Amino acid sequence: MAQYVLKRLLGAIPTLLFVVVLSFLLVHAAPGGPFDEERVLPDAVAANIEAYYHLDESLPKQFVRYLSGVLQGDFGPSYRYRDHTVSELIADAFPLSIRLGVMAIIVGVVIGVGLGTLAALKQNTVTDRVAMGFAMSGISIPIFVIAPLLVLFLAVKLNWLPAGWSGSSGVSRMLLPVIALALPQIAYISRLTRASMIDVLGSGFIRTARAQGLGTYAVVRYHAMKPAMLPVLSYMGPAIASVLTGSVVVEQIFGIPGLGQFFVTGALNRDYTLVLGIVIFYAALIVLLNLIVDILYGVIDPRVRYR
Amino acid sequence: MSLLNICQLGIRYGDVVAVDDLSFAIDSGESVGLVGESGSGKTQTALAILGLLPATAEISGSIKFAGEEFVGADDRAFDKLRATRVSIVFQDPTQALNPYLRIGEQLRRILIAHNIAAGAEADARVIETLESVGLPDPKRQSGAYPHQLSGGMRQRAMIASALITSPDLLIADEPTTALDVTVQAQILELLDTIRKDTALLLITHDLGVVAGHCDRMLVLENGGLVESGATRQVFGTPKCAHTVSLLEAAPRLKQSIAPQPVSGKALLRVDGASVSYREPGYGRLHAVKSVDLALRKGETVAIVGESGSGKSSLVRALLGLVAAESGAVSFLGETLPRDARSRRQQIRRELQLIFQDPAGSLNPQMRVSDIVVEPLSVHEPSLDRRACRERVIRILEQVDLGAEFLQRYPHELSGGQAQRVAIARALIVEPKVLICDEAVAALDGTVREQILKLLQDIQGRTGLSILFISHDLGVVSSISHRVLVMYLGRLVECADGQTVFGSPKHPYTRALIDAVPVPDPEAGIAHTSLSGEVPSILSPPTGCAFHPRCAYAESRCTTELPAPTAIGATTVCCHRATEIDLQA
């Protein structure tokens, strides 16, 4: 087991390196630089700033300098938020983003699994069709359409919830962003759960459990739930990635000062170090969470052996 | 009043009638055999008793248990019947037990669901029940997952789950079909001994099983009851033609039916073949250890052994599908490369193969004509369409299928027809050797006999050599010129068919012969001559691998590997082959 974890962690190194190289090249390939503004700086000042941040060096040289910093845990200074390092900015903004993300995932799993199980048990009935119709629309409508619609109806028209982040406080301002983030997850997870639950309910050991006089609740709770959750668990890796991507849009729409918003402004400002830092941080996070998912897989399925 | 009373039961799926006008009764404590071929409605009847049929089934007639009507009853009524009054043991414990739950937990859930016991009391009852079905170290096994148990132990756990509630009726649906032959006898014996006052409905396709274990028997054909009566009476004076044909198809071991040995030079030889696989976490798994084999023209050689005996690995090495670790395969005197990809196409053509599951080995999206012609397009690409078609029709005729089958898809074929198509596909390129890997194991008795007869006919006409792999000595007894018995990767006995069945020299061969249930109620139950199960090939016993299960083992058997010795016509690997008498 420890050997397996170590192997996976070592295996993540080339992945992360690839992410670093690719995003470094992409960021630098974008036209303009971090200090290009409408007001053109005097040449001497610009040269001075570029020299200070080593932007006058060749690209490979810059890359080596950046990478050696990252390896020492230093993502460098932000080019725009002059008084902060990238690490500081991430440490500031990440707790808010992760809170949103975790809540969205929890809501997505709880409601998604519930809906999916219900649909599987009531297969081909009206309940099933309504639940799956809802899921289908959740998958097909993009988050940047859902979020404004939620604001329009629940905040502007009905005035139940605050429309934005600033100017309100407490749980109420979290609700709309979480719902917007969770809806696609609910949709996807309920479809996954329905399919795998139908599959499991048709298997031999469920027939045995029913032959043993276990009622529907006991059959689902004790016999079917665990195996039916395996595909959902596998989806958790991509789900987390998709929530993180979604949070970039959602934070922008609701004006939430999270990591996603820093990412967007950083990209617009050519704040090379900030964008790179967030990309690497997210990549490492996703790799780690995927590893945890794979380990949990073995907890549910006793036949999985790690090697 | 009967315990179970079924009256004019009908089960339909749309226009398909699964069970029609079936009536029978079971009294308390009685054991009744329900016999029939696949599709005769046996399992449908069992599922109907427990209310487990799919919603699409239309049920008519009456099923009364202790006077209460259960046709049309709701799940609530069935939940009270299930387990507490009627339990069922399914065919394959690998699928019938939940792989994600510990054995003890699965049993405990039953007690909790029926408010029989909970907490420590339930745990105690679980362990007690597991012990009663002969599970060694029940405390530890109750914490095991199903995949950690052997096949036989799994089925014991399944039986424990059925009996933990002391039901009035136990339904056993082909309870031994998925198990190794030597384990089969143990499980049947267990069912006899531990059910006490519980009535038994034993569903099986195997008349040998019914003969030894049931007071009464019912014979089903196409969903209808064709014969019923005391077991002795049905076996002695069967009234119905279908019963007669079932009785004739039941495997019997008779020395006299084994064909005369064939002489001549070997066509195909295997010398000292060993096969091993890398098993992560274990090192190397030695599946086959220095096995010799010779196959002559027109000869049928049977390779017999239980799971883990290495029979399939041996065949794969012979075909070059896995590279043998050592040893040589030669065909017509020419030594073949170990890897099939380096063999000449002509050689590959000469060795053809058919598999256990006929439907699974045919592409469901191809028509019979395309399936059968495919090998021709590989080995004789110059043939034009008309010639191909003629060859296909000719070969289908040889396997007794008419031209009307050409346009059919595999799902439109019965099991026997599908296996005939598979044989036609193998024989269309006119190979010298046909390898049959458990080729009749999935077929009904009467169909099995037809396929064996067909293979024999073709051999008589064309001089085809057949290598026949089977776990069941009974199946091969009528067709085998020579028999090789394998145990844990090694050859333990090798002789011509008549000698093997008439005077076996190895205790394992004797046990395999005894394990074939005799379809004769007068013969009495063959007592299990073997305890335990086949050990894991990952850690085979030292010395003679068979010694932990052998009644004749002495100290040297535990340390020294017995060398092959010739006794008369037999080559046997046993230290005590000359001392012990296995005739009885």
# chains A, B, ... in the order shown; residues from 1 in each chain; ligands from 1
call {"tool": "residues_around", "arguments": {"residues": "Pro375 of chain B", "least_positions_apart": "2", "cutoff": "7 Å", "atoms": "only C-alpha atoms", "output": "PyMOL selection string"}}
result
chain B and resi 373+377-379+425+429
call {"tool": "residues_around", "arguments": {"residues": "His54 of chain A", "least_positions_apart": "2", "cutoff": "12 Å", "atoms": "only C-alpha atoms", "output": "PyMOL selection string"}}
result
chain A and resi 46-52+56-66+76-77+79
call {"tool": "closest_atom_pairs", "arguments": {"of": "chain A", "to": "chain B", "cutoff": "6 Å", "atoms": "only C-alpha atoms", "output": "CSV"}}
result
residue,atom,partner,partner_atom,distance
A:Gly204,CA,B:Ala96,CA,4.9
A:Phe205,CA,B:Ala96,CA,4.3
A:Thr208,CA,B:Ala96,CA,5.8
A:Ala211,CA,B:Arg82,CA,5.6
A:Gln212,CA,B:Ala83,CA,4.7
A:Gly213,CA,B:Asp79,CA,4.3
A:Leu214,CA,B:Ala113,CA,5.7
A:Asp301,CA,B:Tyr100,CA,5.8
call {"tool": "select_by_dssp", "arguments": {"residues": "segment 140-257 of chain B", "states": "strand (DSSP E)", "output": "CSV table (one decimal) with N, CA, C and O atoms, in the first residue's frame"}}
result
chain,number,residue,atom,x,y,z
B,169,LEU,N,-38.5,-25.4,4.0
B,169,LEU,CA,-38.2,-25.9,2.6
B,169,LEU,C,-37.0,-25.3,2.1
B,169,LEU,O,-36.8,-24.1,2.2
B,170,LEU,N,-36.1,-26.1,1.6
B,170,LEU,CA,-34.8,-25.6,1.0
B,170,LEU,C,-34.9,-25.9,-0.5
B,170,LEU,O,-35.1,-27.1,-0.9
B,171,ILE,N,-34.8,-24.9,-1.3
B,171,ILE,CA,-34.7,-25.1,-2.7
B,171,ILE,C,-33.2,-25.0,-3.1
B,171,ILE,O,-32.6,-24.1,-2.8
B,172,ALA,N,-32.7,-26.1,-3.7
B,172,ALA,CA,-31.3,-26.0,-4.2
B,172,ALA,C,-31.3,-26.1,-5.7
B,172,ALA,O,-31.7,-27.1,-6.3
B,173,ASP,N,-31.0,-25.0,-6.4
B,173,ASP,CA,-31.0,-24.9,-7.8
B,173,ASP,C,-29.7,-25.2,-8.4
B,173,ASP,O,-28.8,-24.3,-8.4
B,199,ALA,N,-37.5,-29.8,4.3
B,199,ALA,CA,-37.8,-30.5,3.0
B,199,ALA,C,-36.9,-29.9,2.0
B,199,ALA,O,-36.4,-28.8,2.1
B,200,LEU,N,-36.6,-30.7,1.0
B,200,LEU,CA,-35.6,-30.3,-0.1
B,200,LEU,C,-36.2,-30.4,-1.4
B,200,LEU,O,-36.8,-31.4,-1.8
B,201,LEU,N,-36.1,-29.3,-2.2
B,201,LEU,CA,-36.5,-29.4,-3.6
B,201,LEU,C,-35.2,-29.2,-4.4
B,201,LEU,O,-34.6,-28.1,-4.4
B,202,LEU,N,-34.7,-30.3,-4.9
B,202,LEU,CA,-33.3,-30.3,-5.6
B,202,LEU,C,-33.5,-30.2,-7.1
B,202,LEU,O,-34.1,-31.1,-7.7
B,203,ILE,N,-33.1,-29.1,-7.6
B,203,ILE,CA,-33.2,-28.9,-9.1
B,203,ILE,C,-31.9,-29.2,-9.7
B,203,ILE,O,-30.9,-28.8,-9.4
B,204,THR,N,-32.0,-30.1,-10.7
B,204,THR,CA,-30.7,-30.5,-11.4
B,204,THR,C,-31.0,-31.0,-12.8
B,204,THR,O,-32.1,-31.4,-13.1
B,216,ARG,N,-38.4,-38.7,-4.1
B,216,ARG,CA,-39.3,-38.6,-5.3
B,216,ARG,C,-38.7,-37.8,-6.3
B,216,ARG,O,-37.8,-36.9,-6.0
B,217,MET,N,-39.1,-37.9,-7.6
B,217,MET,CA,-38.6,-37.1,-8.6
B,217,MET,C,-39.7,-36.7,-9.6
B,217,MET,O,-40.7,-37.3,-9.8
B,218,LEU,N,-39.5,-35.5,-10.2
B,218,LEU,CA,-40.4,-34.9,-11.2
B,218,LEU,C,-39.6,-34.6,-12.4
B,218,LEU,O,-38.5,-34.1,-12.3
B,219,VAL,N,-40.1,-35.0,-13.6
B,219,VAL,CA,-39.3,-34.8,-14.8
B,219,VAL,C,-40.1,-33.7,-15.6
B,219,VAL,O,-41.3,-33.9,-15.9
B,220,LEU,N,-39.4,-32.6,-16.0
B,220,LEU,CA,-40.0,-31.6,-16.7
B,220,LEU,C,-39.5,-31.6,-18.2
B,220,LEU,O,-38.3,-31.9,-18.4
B,221,GLU,N,-40.4,-31.3,-19.1
B,221,GLU,CA,-40.0,-31.1,-20.5
B,221,GLU,C,-40.8,-29.9,-21.1
B,221,GLU,O,-42.0,-29.9,-21.0
B,224,GLY,N,-43.6,-28.5,-19.0
B,224,GLY,CA,-44.7,-29.3,-18.5
B,224,GLY,C,-44.1,-30.6,-17.8
B,224,GLY,O,-43.0,-31.0,-18.1
B,225,LEU,N,-44.9,-31.1,-16.8
B,225,LEU,CA,-44.5,-32.3,-16.1
B,225,LEU,C,-44.8,-33.5,-17.0
B,225,LEU,O,-45.9,-33.7,-17.4
B,226,VAL,N,-43.8,-34.3,-17.2
B,226,VAL,CA,-44.0,-35.5,-18.1
B,226,VAL,C,-44.0,-36.8,-17.3
B,226,VAL,O,-44.5,-37.8,-17.7
B,227,GLU,N,-43.3,-36.7,-16.1
B,227,GLU,CA,-43.3,-37.9,-15.3
B,227,GLU,C,-43.0,-37.6,-13.9
B,227,GLU,O,-42.3,-36.7,-13.6
B,228,SER,N,-43.6,-38.3,-13.0
B,228,SER,CA,-43.3,-38.1,-11.5
B,228,SER,C,-43.5,-39.4,-10.8
B,228,SER,O,-44.3,-40.3,-11.3
B,229,GLY,N,-42.8,-39.6,-9.7
B,229,GLY,CA,-43.0,-40.8,-9.0
B,229,GLY,C,-41.8,-41.0,-8.0
B,229,GLY,O,-40.9,-40.2,-8.0
B,230,ALA,N,-41.8,-42.1,-7.3
B,230,ALA,CA,-40.7,-42.5,-6.4
B,230,ALA,C,-39.4,-42.6,-7.3
B,230,ALA,O,-39.5,-43.1,-8.5
call {"tool": "residues_around", "arguments": {"residues": "segment 83-94 of chain A", "least_positions_apart": "5", "cutoff": "7 Å", "atoms": "only C-alpha atoms", "output": "list in words"}}
result
Phe75, Gly76, Pro77, Ser78, Pro257, Gly258, Leu259, Thr273, Leu274 and Gly277 of chain A
call {"tool": "write_last_selection", "arguments": {"atoms": "N, CA and C atoms", "output": "PDB file, in the first residue's frame"}}
result
ATOM      1  N   PHE A  75       6.569  30.336  -5.604  1.00  0.00           N
ATOM      2  CA  PHE A  75       5.950  30.629  -6.894  1.00  0.00           C
ATOM      3  C   PHE A  75       6.312  32.024  -7.398  1.00  0.00           C
ATOM      4  N   GLY A  76       7.137  32.725  -6.669  1.00  0.00           N
ATOM      5  CA  GLY A  76       7.594  34.049  -7.108  1.00  0.00           C
ATOM      6  C   GLY A  76       6.623  35.158  -6.722  1.00  0.00           C
ATOM      7  N   PRO A  77       6.985  36.393  -7.048  1.00  0.00           N
ATOM      8  CA  PRO A  77       6.131  37.524  -6.728  1.00  0.00           C
ATOM      9  C   PRO A  77       5.053  37.688  -7.794  1.00  0.00           C
ATOM     10  N   SER A  78       3.915  38.231  -7.404  1.00  0.00           N
ATOM     11  CA  SER A  78       2.914  38.578  -8.408  1.00  0.00           C
ATOM     12  C   SER A  78       3.366  39.826  -9.128  1.00  0.00           C
ATOM     13  N   PRO A 257     -14.281  36.789  -4.239  1.00  0.00           N
ATOM     14  CA  PRO A 257     -12.829  36.927  -4.284  1.00  0.00           C
ATOM     15  C   PRO A 257     -12.114  35.599  -4.033  1.00  0.00           C
ATOM     16  N   GLY A 258     -12.347  34.637  -4.851  1.00  0.00           N
ATOM     17  CA  GLY A 258     -11.712  33.330  -4.687  1.00  0.00           C
ATOM     18  C   GLY A 258     -10.568  33.161  -5.674  1.00  0.00           C
ATOM     19  N   LEU A 259     -10.031  31.954  -5.709  1.00  0.00           N
ATOM     20  CA  LEU A 259      -8.880  31.678  -6.555  1.00  0.00           C
ATOM     21  C   LEU A 259      -9.243  31.809  -8.036  1.00  0.00           C
ATOM     22  N   THR A 273       3.372  34.833 -13.270  1.00  0.00           N
ATOM     23  CA  THR A 273       3.620  33.991 -12.087  1.00  0.00           C
ATOM     24  C   THR A 273       2.322  33.601 -11.398  1.00  0.00           C
ATOM     25  N   LEU A 274       1.357  34.522 -11.336  1.00  0.00           N
ATOM     26  CA  LEU A 274       0.095  34.211 -10.667  1.00  0.00           C
ATOM     27  C   LEU A 274      -0.654  33.102 -11.407  1.00  0.00           C
ATOM     28  N   GLY A 277       1.225  29.839 -11.117  1.00  0.00           N
ATOM     29  CA  GLY A 277       1.123  29.331  -9.745  1.00  0.00           C
ATOM     30  C   GLY A 277      -0.207  28.636  -9.517  1.00  0.00           C
TER      31      GLY A 277
END
